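Structure file work19.txt (compact mmCIF, C-alpha atoms) is printed below.
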# COMPACT_ATOMS: atom_id res chain seq x y z
CA MET A 2 7.67 10.08 2.30
CA ASN A 3 7.87 7.77 5.36
CA GLY A 4 11.66 7.96 5.18
CA ARG A 5 11.70 5.95 1.97
CA GLU A 6 12.17 6.89 -1.62
CA LEU A 7 9.03 6.25 -3.59
CA PRO A 8 9.85 4.34 -6.76
CA PHE A 9 7.16 6.19 -8.69
CA GLY A 10 9.12 6.11 -11.92
CA CYS A 11 9.87 2.37 -12.03
CA SER A 12 6.97 1.32 -14.22
CA GLY A 13 7.68 4.21 -16.58
CA LEU A 14 11.30 3.07 -16.98
CA ILE A 15 10.24 -0.51 -17.81
CA LEU A 16 7.64 0.73 -20.31
CA LEU A 17 10.12 3.07 -21.95
CA ALA A 18 12.85 0.41 -22.21
CA THR A 19 10.39 -2.11 -23.70
CA LEU A 20 9.08 0.42 -26.18
CA PHE A 21 12.65 1.32 -27.22
CA TYR A 22 13.49 -2.38 -27.58
CA LEU A 23 10.42 -3.08 -29.74
CA VAL A 24 11.03 -0.05 -31.98
CA ALA A 25 14.67 -1.12 -32.42
CA GLY A 26 13.50 -4.66 -33.17
CA LEU A 27 11.04 -3.48 -35.82
CA ALA A 28 13.76 -1.27 -37.36
CA VAL A 29 16.04 -4.32 -37.59
CA LEU A 30 13.17 -6.30 -39.15
CA ALA A 31 12.74 -3.54 -41.75
CA VAL A 32 16.49 -3.63 -42.50
CA TRP A 33 16.21 -7.37 -43.09
CA GLN A 34 13.24 -6.91 -45.44
CA PHE A 35 14.96 -4.18 -47.43
CA THR A 36 18.49 -5.61 -47.65
CA GLY A 37 17.72 -9.32 -47.50
CA SER A 38 20.55 -9.78 -44.99
CA ILE A 39 19.58 -11.46 -41.73
CA TYR A 40 22.84 -10.51 -39.97
CA TRP A 41 21.47 -7.57 -37.93
CA LEU A 42 18.35 -9.50 -36.97
CA GLU A 43 20.48 -12.36 -35.64
CA GLN A 44 22.65 -9.89 -33.75
CA PHE A 45 19.60 -8.19 -32.25
CA PHE A 46 18.03 -11.44 -31.05
CA GLY A 47 21.39 -12.56 -29.68
CA LEU A 48 23.07 -10.75 -26.82
CA PRO A 49 20.78 -7.66 -26.45
CA SER A 50 17.66 -9.78 -26.39
CA ALA A 51 19.15 -12.28 -23.93
CA PHE A 52 20.26 -9.60 -21.49
CA PHE A 53 17.02 -7.66 -21.80
CA LEU A 54 14.99 -10.77 -20.93
CA ILE A 55 17.26 -11.55 -17.97
CA TRP A 56 17.00 -7.92 -16.78
CA LEU A 57 13.19 -8.07 -16.95
CA SER A 58 13.12 -11.38 -15.05
CA ALA A 59 15.41 -9.92 -12.38
CA LEU A 60 13.13 -6.86 -12.07
CA GLN A 61 10.08 -9.10 -11.73
CA LEU A 62 11.75 -10.97 -8.87
CA TRP A 63 13.00 -7.82 -7.16
CA PHE A 64 9.62 -6.07 -7.27
CA SER A 65 7.73 -9.22 -6.23
CA VAL A 66 9.95 -9.74 -3.18
CA ARG A 67 9.55 -6.08 -2.22
CA VAL A 68 5.76 -6.28 -2.56
CA CYS A 69 5.80 -9.44 -0.43
CA GLY A 70 7.63 -7.48 2.29
CA GLU A 71 4.85 -4.87 2.34
CA PHE A 72 2.36 -7.45 3.69
CA SER A 73 2.53 -8.66 7.29
CA PRO A 74 2.75 -12.38 8.11
CA GLY A 75 -0.72 -13.91 8.08
CA GLU A 76 -2.17 -11.53 5.52
CA PRO A 77 -3.70 -13.53 2.61
CA MET A 78 -2.07 -11.35 -0.05
CA ARG A 79 1.35 -12.12 1.43
CA ARG A 80 0.83 -15.81 0.56
CA ALA A 81 -0.11 -14.83 -3.00
CA TRP A 82 2.98 -12.67 -3.40
CA LYS A 83 5.21 -15.35 -1.86
CA LEU A 84 4.04 -17.75 -4.55
CA ILE A 85 4.46 -15.11 -7.25
CA SER A 86 7.99 -14.35 -5.94
CA ALA A 87 8.85 -18.06 -5.99
CA SER A 88 7.57 -18.22 -9.56
CA ALA A 89 9.81 -15.23 -10.39
CA ILE A 90 12.84 -17.05 -8.89
CA PHE A 91 12.22 -19.98 -11.25
CA ASP A 92 11.70 -17.59 -14.15
CA LEU A 93 15.00 -15.82 -13.50
CA ALA A 94 16.87 -19.13 -13.06
CA GLY A 95 15.27 -20.56 -16.21
CA THR A 96 15.81 -17.45 -18.33
CA THR A 97 19.46 -17.23 -17.23
CA GLY A 98 19.91 -20.93 -18.02
CA VAL A 99 18.29 -20.71 -21.45
CA GLN A 100 19.61 -17.32 -22.56
CA LEU A 101 23.07 -17.33 -20.98
CA PHE A 102 24.54 -20.51 -19.45
CA GLY A 103 22.83 -22.91 -21.83
CA SER A 104 23.81 -20.91 -24.88
CA GLU A 105 26.61 -21.98 -27.18
CA LYS A 106 27.43 -18.39 -28.08
CA ALA A 107 30.63 -16.61 -27.13
CA TRP A 108 28.90 -14.49 -24.47
CA ASN A 109 28.30 -17.57 -22.30
CA PRO A 110 30.97 -17.27 -19.57
CA LEU A 111 30.86 -21.03 -18.87
CA ALA A 112 31.64 -21.85 -22.50
CA HIS A 113 35.22 -20.66 -21.92
CA ALA A 114 35.84 -23.14 -19.08
CA THR A 115 37.94 -26.26 -19.77
CA TRP A 116 35.26 -28.59 -18.37
CA TRP A 117 32.56 -27.17 -20.62
CA SER A 118 30.92 -29.54 -23.08
CA ARG A 119 28.04 -29.47 -25.53
CA PRO A 120 25.93 -32.09 -23.62
CA LEU A 121 26.31 -29.99 -20.46
CA SER A 122 25.15 -26.89 -22.34
CA LYS A 123 22.14 -28.85 -23.65
CA ALA A 124 21.30 -30.11 -20.14
CA ILE A 125 21.40 -26.53 -18.74
CA PHE A 126 19.25 -25.31 -21.64
CA GLU A 127 16.64 -28.04 -21.08
CA THR A 128 16.65 -27.57 -17.30
CA GLY A 129 16.13 -23.85 -17.90
CA HIS A 130 13.04 -24.61 -19.98
CA VAL A 131 11.59 -26.79 -17.20
CA LEU A 132 12.29 -24.10 -14.60
CA GLN A 133 10.73 -21.25 -16.60
CA GLY A 134 7.93 -23.48 -17.86
CA THR A 135 6.41 -26.04 -15.49
CA CYS A 136 7.89 -24.77 -12.20
CA ARG A 137 7.23 -21.10 -12.85
CA PHE A 138 3.71 -21.51 -14.25
CA ALA A 139 2.61 -23.87 -11.45
CA LEU A 140 3.62 -21.34 -8.79
CA LEU A 141 2.19 -18.41 -10.71
CA ALA A 142 -1.12 -20.25 -11.13
CA ALA A 143 -1.19 -20.93 -7.37
CA GLY A 144 -0.42 -17.26 -6.58
CA LEU A 145 -3.12 -15.94 -8.90
CA TRP A 146 -5.56 -18.47 -7.42
CA CYS A 147 -5.02 -16.81 -4.01
CA VAL A 148 -5.64 -13.39 -5.59
CA LEU A 149 -8.88 -14.58 -7.19
CA LYS A 150 -10.01 -15.93 -3.81
CA LEU A 151 -9.47 -12.44 -2.36
CA TYR A 152 -11.45 -10.88 -5.20
CA ARG A 153 -14.28 -13.37 -4.50
CA GLU A 154 -14.24 -12.66 -0.74
CA SER A 155 -14.41 -8.94 -1.49
CA GLY A 156 -17.39 -9.43 -3.82
CA PHE A 157 -15.46 -8.19 -6.87
CA LEU A 158 -14.93 -11.45 -8.76
CA GLY A 159 -15.87 -11.15 -12.43
CA ARG A 160 -17.67 -13.77 -14.49
CA PHE A 161 -16.79 -15.59 -17.69
CA ARG A 162 -18.61 -14.37 -20.76
CA VAL A 163 -19.59 -16.50 -23.76
CA ILE A 164 -16.51 -15.43 -25.72
CA ASP A 165 -14.32 -16.41 -22.74
CA TRP A 166 -15.84 -19.89 -22.62
CA LEU A 167 -15.26 -20.26 -26.36
CA LEU A 168 -11.61 -19.19 -26.10
CA LEU A 169 -11.07 -21.52 -23.14
CA ALA A 170 -12.68 -24.38 -25.01
CA ALA A 171 -10.43 -23.67 -28.01
CA PHE A 172 -7.30 -23.71 -25.84
CA ALA A 173 -8.43 -26.85 -24.00
CA GLY A 174 -8.97 -28.47 -27.43
CA TYR A 175 -5.45 -27.45 -28.40
CA CYS A 176 -4.10 -29.11 -25.22
CA VAL A 177 -6.02 -32.34 -25.95
CA ARG A 178 -4.79 -32.33 -29.56
CA GLU A 179 -1.21 -31.90 -28.39
CA GLY A 180 -1.65 -34.74 -25.87
CA ILE A 181 -2.90 -37.06 -28.63
CA ASP A 182 0.05 -36.06 -30.85
CA LEU A 183 2.47 -36.84 -28.01
CA LEU A 184 0.88 -40.27 -27.42
CA ARG A 185 1.20 -41.05 -31.11
CA HIS A 186 4.80 -39.83 -31.29
CA TYR A 187 6.18 -41.58 -28.19
CA GLN A 188 5.97 -45.36 -28.29
CA PRO A 189 7.48 -47.93 -25.88
CA SER A 190 10.30 -48.27 -28.38
CA ASN A 191 10.77 -44.51 -28.41
CA PRO A 192 10.27 -43.38 -24.78
CA PRO A 193 10.36 -39.66 -23.96
CA GLY A 194 13.24 -38.27 -21.88
CA TRP A 195 12.83 -36.57 -18.47
CA ASN A 196 13.26 -33.18 -20.10
CA VAL A 197 10.23 -33.87 -22.31
CA ILE A 198 8.05 -35.38 -19.58
CA LEU A 199 8.70 -32.48 -17.21
CA LEU A 200 7.48 -30.05 -19.87
CA TRP A 201 4.16 -31.86 -20.44
CA PRO A 202 2.29 -29.94 -17.71
CA VAL A 203 3.12 -26.60 -19.36
CA ASP A 204 0.11 -26.44 -21.68
CA PRO A 205 -2.48 -27.58 -19.09
CA LEU A 206 -0.95 -25.03 -16.70
CA LEU A 207 -1.20 -22.36 -19.39
CA CYS A 208 -4.86 -23.33 -19.84
CA LEU A 209 -5.43 -22.82 -16.10
CA LEU A 210 -3.49 -19.52 -16.21
CA PHE A 211 -5.59 -18.45 -19.19
CA ALA A 212 -8.79 -19.02 -17.18
CA GLU A 213 -7.31 -17.12 -14.22
CA ALA A 214 -6.15 -14.27 -16.47
CA ILE A 215 -9.62 -13.94 -18.00
CA LEU A 216 -11.24 -13.92 -14.55
CA LEU A 217 -8.78 -11.29 -13.31
CA HIS A 218 -9.45 -9.20 -16.41
CA ARG A 219 -13.23 -9.50 -15.90
CA SER A 220 -12.85 -8.69 -12.19
CA VAL A 221 -10.92 -5.51 -12.99
CA GLN A 222 -13.58 -4.64 -15.56
CA ARG A 223 -16.16 -5.07 -12.80
CA THR A 224 -14.36 -2.89 -10.26
CA GLY A 225 -13.21 -0.26 -12.76
CA MET A 226 -9.57 0.57 -13.38
CA GLY A 227 -7.64 1.60 -10.30
CA LEU A 228 -4.04 1.34 -9.12
CA ILE A 229 -4.71 -2.14 -7.66
CA GLY A 230 -6.48 -3.45 -10.76
CA ARG A 231 -3.66 -2.17 -12.97
CA CYS A 232 -1.31 -4.75 -11.43
CA TRP A 233 -3.65 -7.73 -12.01
CA ARG A 234 -4.66 -6.61 -15.48
CA THR A 235 -0.95 -6.43 -16.40
CA PHE A 236 -0.47 -10.01 -15.16
CA SER A 237 -3.40 -10.99 -17.41
CA ALA A 238 -1.78 -9.23 -20.36
CA GLY A 239 1.50 -11.11 -19.72
CA ILE A 240 -0.35 -14.44 -19.71
CA PHE A 241 -2.26 -13.58 -22.90
CA LEU A 242 1.06 -12.73 -24.59
CA VAL A 243 2.67 -16.01 -23.46
CA LEU A 244 -0.33 -17.87 -24.90
CA LEU A 245 0.00 -15.92 -28.13
CA GLY A 246 3.70 -16.84 -28.35
CA ASP A 247 2.85 -20.48 -27.61
CA ALA A 248 0.15 -20.53 -30.27
CA MET A 249 2.53 -18.94 -32.81
CA ILE A 250 5.17 -21.61 -32.11
CA TRP A 251 2.52 -24.29 -32.63
CA ALA A 252 1.27 -22.62 -35.84
CA THR A 253 4.84 -22.40 -37.15
CA ALA A 254 5.51 -26.07 -36.33
CA TYR A 255 2.33 -27.17 -38.15
CA GLY A 256 3.01 -24.92 -41.15
CA TYR A 257 0.13 -22.49 -40.51
CA LEU A 258 2.53 -19.58 -40.03
CA PRO A 259 5.07 -19.58 -42.84
CA TRP A 260 8.43 -17.87 -42.85
CA PRO A 261 9.10 -14.88 -42.57
CA TRP A 262 5.82 -14.21 -40.67
CA SER A 263 6.84 -16.78 -38.08
CA SER A 264 9.68 -14.45 -37.05
CA LEU A 265 7.04 -12.16 -35.49
CA SER A 266 6.73 -14.68 -32.65
CA TRP A 267 10.21 -13.62 -31.48
CA TYR A 268 8.78 -10.19 -30.62
CA VAL A 269 6.08 -11.54 -28.32
CA TRP A 270 8.31 -12.79 -25.50
CA THR A 271 9.76 -9.40 -24.60
CA PRO A 272 6.44 -7.59 -23.99
CA ALA A 273 5.30 -10.70 -22.10
CA ALA A 274 8.37 -10.55 -19.84
CA ALA A 275 7.89 -6.78 -19.50
CA SER A 276 4.28 -7.35 -18.34
CA PHE A 277 5.44 -9.75 -15.62
CA ALA A 278 7.98 -7.15 -14.44
CA LEU A 279 5.48 -4.29 -14.65
CA ALA A 280 2.72 -6.00 -12.67
CA PRO A 281 4.58 -6.15 -9.31
CA ALA A 282 6.02 -2.69 -10.03
CA TYR A 283 2.46 -1.36 -10.31
CA GLN A 284 1.47 -3.09 -7.06
CA LEU A 285 4.49 -1.63 -5.27
CA GLU A 286 3.65 1.82 -6.62
CA ALA A 287 0.04 1.48 -5.41
CA ILE A 288 1.24 0.54 -1.91
CA ARG A 289 3.77 3.38 -1.81
CA TRP A 290 1.23 5.93 -3.00
CA ALA A 291 -1.23 4.70 -0.36
CA SER A 292 1.44 5.00 2.35
CA SER A 293 2.70 8.37 1.19
CA GLY A 294 -0.22 10.48 2.36
CA GLN A 295 -0.18 12.23 -1.01
CA ASP A 296 -2.87 12.36 -3.64
CA ALA A 297 -2.37 9.49 -6.09
CA PRO A 298 -1.26 10.33 -9.64
CA ILE A 299 -4.51 9.36 -11.36
CA ASN A 300 -7.64 11.06 -10.18
CA MET B 17 -18.82 12.67 52.95
CA GLU B 18 -17.42 15.35 50.69
CA PHE B 19 -20.55 15.16 48.59
CA VAL B 20 -22.76 15.63 51.65
CA ARG B 21 -20.60 18.56 52.76
CA ILE B 22 -20.94 20.28 49.38
CA GLN B 23 -24.67 19.71 49.38
CA THR B 24 -25.21 21.15 52.85
CA GLU B 25 -22.73 24.02 52.57
CA PRO B 26 -24.45 27.40 51.87
CA PRO B 27 -23.47 28.93 48.54
CA ALA B 28 -20.69 31.47 48.66
CA GLU B 29 -21.63 35.03 47.89
CA GLY B 30 -21.03 36.18 44.31
CA VAL B 31 -20.35 32.65 43.00
CA GLN B 32 -23.74 32.30 41.31
CA ALA B 33 -23.59 35.06 38.75
CA SER B 34 -26.94 36.02 37.32
CA PRO B 35 -27.16 35.07 33.63
CA ASP B 36 -26.84 37.86 31.09
CA PRO B 37 -30.09 37.55 29.10
CA VAL B 38 -28.82 39.59 26.11
CA GLY B 39 -25.54 37.61 25.72
CA LEU B 40 -27.32 34.29 26.06
CA SER B 41 -29.93 35.05 23.43
CA ASP B 42 -27.14 36.34 21.16
CA LEU B 43 -25.22 33.08 21.55
CA LEU B 44 -28.34 31.00 20.95
CA SER B 45 -29.26 32.91 17.80
CA HIS B 46 -25.69 32.44 16.50
CA LEU B 47 -25.90 28.71 17.17
CA ARG B 48 -29.26 28.48 15.38
CA ARG B 49 -27.90 30.36 12.35
CA TRP B 50 -24.84 28.04 12.21
CA GLU B 51 -27.03 24.97 12.53
CA SER B 52 -29.37 26.12 9.76
CA SER B 53 -26.42 26.81 7.45
CA LEU B 54 -25.36 23.13 7.64
CA PRO B 55 -26.75 20.84 4.95
CA ALA B 56 -29.25 18.19 5.98
CA PRO B 57 -27.53 15.01 7.35
CA GLU B 58 -28.56 12.97 4.32
CA LEU B 59 -27.12 15.62 1.95
CA ARG B 60 -23.91 15.75 3.99
CA GLY B 61 -23.72 11.96 3.72
CA ILE B 62 -24.05 12.09 -0.06
CA THR B 63 -21.29 14.70 -0.35
CA ILE B 64 -18.93 12.76 1.91
CA ARG B 65 -19.62 9.49 0.09
CA SER B 66 -18.98 11.13 -3.24
CA ARG B 67 -15.62 12.55 -2.08
CA VAL B 68 -14.57 9.27 -0.49
CA ALA B 69 -15.61 7.38 -3.64
CA GLN B 70 -13.38 9.65 -5.68
CA GLU B 71 -10.37 9.00 -3.41
CA LEU B 72 -11.08 5.29 -3.06
CA GLY B 73 -11.74 4.85 -6.77
CA VAL B 74 -8.14 5.78 -7.54
CA TYR B 75 -7.08 2.53 -5.86
CA LEU B 76 -10.05 0.15 -6.12
CA GLY B 77 -11.69 1.42 -9.30
CA GLY B 78 -14.80 3.59 -9.55
CA ASN B 79 -17.42 0.82 -9.52
CA ALA B 80 -15.85 -0.99 -6.56
CA ALA B 81 -15.62 2.27 -4.61
CA GLN B 82 -19.32 3.00 -5.15
CA SER B 83 -20.37 -0.48 -4.05
CA VAL B 84 -18.10 -0.47 -0.97
CA LEU B 85 -19.50 2.86 0.24
CA ARG B 86 -23.17 1.85 0.04
CA PRO B 87 -23.40 0.80 3.72
CA VAL B 88 -21.58 3.92 4.98
CA SER B 89 -23.86 6.03 7.20
CA ASP B 90 -24.62 9.72 6.52
CA ASP B 91 -22.35 10.90 9.32
CA ALA B 92 -19.56 8.62 7.96
CA GLY B 93 -19.22 7.14 11.43
CA ASN B 94 -18.59 3.67 10.04
CA LEU B 95 -16.38 4.82 7.17
CA ILE B 96 -13.04 3.52 8.45
CA PRO B 97 -14.37 0.11 9.61
CA THR B 98 -15.92 -0.26 6.14
CA ILE B 99 -12.98 0.67 3.92
CA GLN B 100 -9.90 -0.25 5.95
CA PRO B 101 -10.28 -4.07 5.99
CA LEU B 102 -10.98 -4.09 2.26
CA LEU B 103 -8.00 -1.88 1.43
CA GLY B 104 -5.90 -4.01 3.78
CA ARG B 105 -6.62 -7.11 1.70
CA PHE B 106 -5.12 -5.58 -1.41
CA LEU B 107 -2.56 -3.10 -0.08
CA GLY B 108 -1.53 -4.52 3.28
CA ARG B 109 -2.66 -3.41 6.76
CA LYS B 110 -0.06 -0.67 7.14
CA ALA B 111 -0.72 1.03 3.80
CA ALA B 112 -4.48 0.61 4.29
CA SER B 113 -4.38 2.33 7.66
CA LEU B 114 -2.39 5.28 6.27
CA LEU B 115 -4.62 5.52 3.21
CA SER B 116 -7.82 5.41 5.31
CA SER B 117 -6.53 8.29 7.44
CA HIS B 118 -5.64 10.24 4.30
CA ILE B 119 -9.10 9.65 2.82
CA VAL B 120 -10.84 10.76 6.03
CA ASP B 121 -8.62 13.82 6.13
CA VAL B 122 -9.22 14.78 2.51
CA ALA B 123 -12.88 13.82 2.15
CA VAL B 124 -14.33 14.46 5.61
CA VAL B 125 -12.15 16.73 7.76
CA ARG B 126 -10.97 19.28 5.20
CA HIS B 127 -14.47 19.87 3.78
Please go through the file and, once you have read it, give me the structure as structure tokens.
Amino acid sequence: MNGRELPFGCSGLILLATLFYLVAGLAVLAVWQFTGSIYWLEQFFGLPSAFFLIWLSALQLWFSVRVCGEFSPGEPMRRAWKLISASAIFDLAGTTGVQLFGSEKAWNPLAHATWWSRPLSKAIFETGHVLQGTCRFALLAAGLWCVLKLYRESGFLGRFRVIDWLLLAAFAGYCVREGIDLLRHYQPSNPPGWNVILLWPVDPLLCLLFAEAILLHRSVQRTGMGLIGRCWRTFSAGIFLVLLGDAMIWATAYGYLPWPWSSLSWYVWTPAAASFALAPAYQLEAIRWASSGQDAPIN
Amino acid sequence: MEFVRIQTEPPAEGVQASPDPVGLSDLLSHLRRWESSLPAPELRGITIRSRVAQELGVYLGGNAAQSVLRPVSDDAGNLIPTIQPLLGRFLGRKAASLLSSHIVDVAVVRH
């Protein structure tokens, strides 16, 4: 065992916890549909949801930093994992800001301080969105770019298919449409605030991440599923889920997704966060299995 | 000088034992039987490549493993230089070195 405990069960624990959370969430949704009372749904998406998302972000950071430590200085994959770890730092800071310190609920420890104010809470909330949006996605896109370069150098890089080009074109069209809407909405008499401007790169970054996720998915399809590919395919799944959540928010805002169906978008963020925690856990497991001198679990 | 001395020195009595013709032919026939029981080098290469592909496929995926092993020679002499740098890219040098040794042990040495 090389003197170290092998965290072989980590990914299983994350999967199990996410599954339990989703089943509980669907049960609460059923209670709402049957009783008509939204109380339990609000409770479920309050404290438990906030802490679960923070826990997943913390796991993502912890696993990413540990994976980074498995690569020696100068190794190309170390640079990729450094960027992914930095992205995880922003995600954890942003999630904590949005879910905990920017919240006006009683569980926010800062809300009990004498100097606490509503504008401060709003500023933390908005800063959190910038951190877990623009900052996190920019670093994640850079990290995945390094990974794709490695896939290309190894001769394993996949190719876009027609359906991929169509989906990318659709998402690029969505970004352009949103840009036009923003130009129409903000006039010199109604200038956007810094919190709005700093969030503008999110959708173009998501478009880039979408392209990277598709390429990673196609590359893993090309190589066949292995312990290494499992990590990158899970990153792709996380990005697809974030895009789905983003599209659902847009559809709700434009009236394409009426209530109560729009509530389904609340369930997307947890599996997305779980995917980002699982991906580095899978990579760490692959490295530990390789170093263990044992036969790997799938054969 | 020592070399010249050895060359000129007469051989000591009893040092040059006469070969045992029966034992020698026995040994040679055993060697020939052992050699004929081995599969042809190209067949051995296919078996080794297949075992390595199975081990490597667990990490890289089946298709990638097959394509990586194409340039590996029948005697697997260039196996480690072929797989280790590639595994190192994705798993790190240390893990790749340990995994390469494990694969050689499982797929080449033990069979």
Residues at most 10 Å from Asn79 (chain B), counting all atoms listed in the file, excluding those fewer than 4 positions away in the same chain, as a PyMOL selection string?
(chain A and resi 157+221-227) or (chain B and resi 69+73+83-84)
Counting all atoms listed in the file, which residues of chain A fall within 8 Å of chain B, and what is the closest atom pair for each with its distance in Å at one decimal, ordered by chain and rising number, as CSV?
residue,atom,partner,partner_atom,distance
A:Glu71,CA,B:Gly108,CA,6.5
A:Phe72,CA,B:Gly108,CA,4.9
A:Ser73,CA,B:Gly108,CA,7.1
A:Glu76,CA,B:Arg105,CA,7.3
A:Pro77,CA,B:Arg105,CA,7.1
A:Met78,CA,B:Arg105,CA,6.5
A:Leu151,CA,B:Arg105,CA,7.3
A:Ser155,CA,B:Leu102,CA,7.0
A:Phe157,CA,B:Ala80,CA,7.2
A:Val221,CA,B:Gly77,CA,7.9
A:Arg223,CA,B:Asn79,CA,6.9
A:Thr224,CA,B:Ala80,CA,4.4
A:Gly225,CA,B:Gly77,CA,4.1
A:Met226,CA,B:Gly77,CA,4.7
A:Gly227,CA,B:Gly77,CA,4.2
A:Leu228,CA,B:Tyr75,CA,4.6
A:Ile229,CA,B:Tyr75,CA,5.5
A:Gly230,CA,B:Leu76,CA,6.9
A:Ala287,CA,B:Tyr75,CA,7.2
A:Ile288,CA,B:Leu107,CA,5.6
A:Arg289,CA,B:Ala111,CA,7.6
A:Ala291,CA,B:Leu115,CA,5.0
A:Ser292,CA,B:Ala111,CA,4.7
A:Ser293,CA,B:Leu114,CA,7.8
A:Gly294,CA,B:His118,CA,5.8
A:Gln295,CA,B:His118,CA,7.9
A:Ala297,CA,B:Val74,CA,7.0
A:Ile299,CA,B:Val74,CA,6.4
A:Asn300,CA,B:Val74,CA,5.9
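Nearest residue to Ala18 (chain A), choosing from A:Trp56, A:Ile250, A:Leu199, A:Ile240 and counting all atoms listed in the file: A:Trp56.
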Would you work out the distance separating CA of Ala275 (chain A) from CA of Leu62 (chain A), expressed in Å to one decimal?
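Answer for the CA of Ala275 (chain A) to CA of Leu62 (chain A) separation: 12.1 Å.
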Compile the contact shell of Trp201 (chain A) as a list in words: residues with an atom at most 9 Å away, counting all atoms listed in the file, same-chain residues fewer than 3 positions apart removed.
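My list of contacting residues is Thr135, Gly180, Val197, Ile198, Asp204 and Pro205 of chain A.
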Can you write just those residues out, C-alpha atoms, as a PDB file, in the frame of the given file?
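Below is the file result.pdb, written as the result:
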ATOM      1  CA  THR A 135       6.410 -26.040 -15.490  1.00  0.00           C
ATOM      2  CA  GLY A 180      -1.650 -34.740 -25.870  1.00  0.00           C
ATOM      3  CA  VAL A 197      10.230 -33.870 -22.310  1.00  0.00           C
ATOM      4  CA  ILE A 198       8.050 -35.380 -19.580  1.00  0.00           C
ATOM      5  CA  ASP A 204       0.110 -26.440 -21.680  1.00  0.00           C
ATOM      6  CA  PRO A 205      -2.480 -27.580 -19.090  1.00  0.00           C
TER       7      PRO A 205
END
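The coordinates place CA of Leu14 (chain A) at 17.5 Å from CA of Arg67 (chain A).
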For CA of Pro97 (chain B) and CA of Leu149 (chain A), quote the distance in Å rounded to one decimal.
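Separation of CA of Pro97 (chain B) and CA of Leu149 (chain A): 23.0 Å.
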Which residue, A:Phe172, A:Phe277, A:Trp270, A:Trp233, has the smallest gap to Tyr22 (chain A) when you use all atoms listed in the file?
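The answer is A:Trp270, which sits nearest to Tyr22 (chain A).
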Measuring atom to atom with all atoms listed in the file, identify which of A:Val29, A:Leu258, A:Cys69, A:Gly47 is nearest to Leu285 (chain A).
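Smallest separation from Leu285 (chain A) among the options: A:Cys69.
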Hey, which of A:Phe91, A:Phe53, A:Gly70, A:Trp41 ends up closest to Leu23 (chain A)? Count only C-alpha atoms.
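Checking each of A:Phe91, A:Phe53, A:Gly70, A:Trp41 against Leu23 (chain A), counting only C-alpha atoms, the winner is A:Phe53.
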Using only C-alpha atoms, which protein or nucleic acid residues come within 10 Å of region 60-66 of chain B? Drop anything in the same chain fewer than 5 positions from it, and give the result as a list of chain:residue names.
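My reading of the contact set: B:Leu54, B:Pro55, B:Glu71, B:Leu72, B:Ala81, B:Gln82, B:Leu85, B:Arg86, B:Val88, B:Ser89, B:Asp90, B:Asp91, B:Ala92, B:Leu95, B:Val120, B:Val122, B:Ala123, B:Val124, B:Val125, B:His127.
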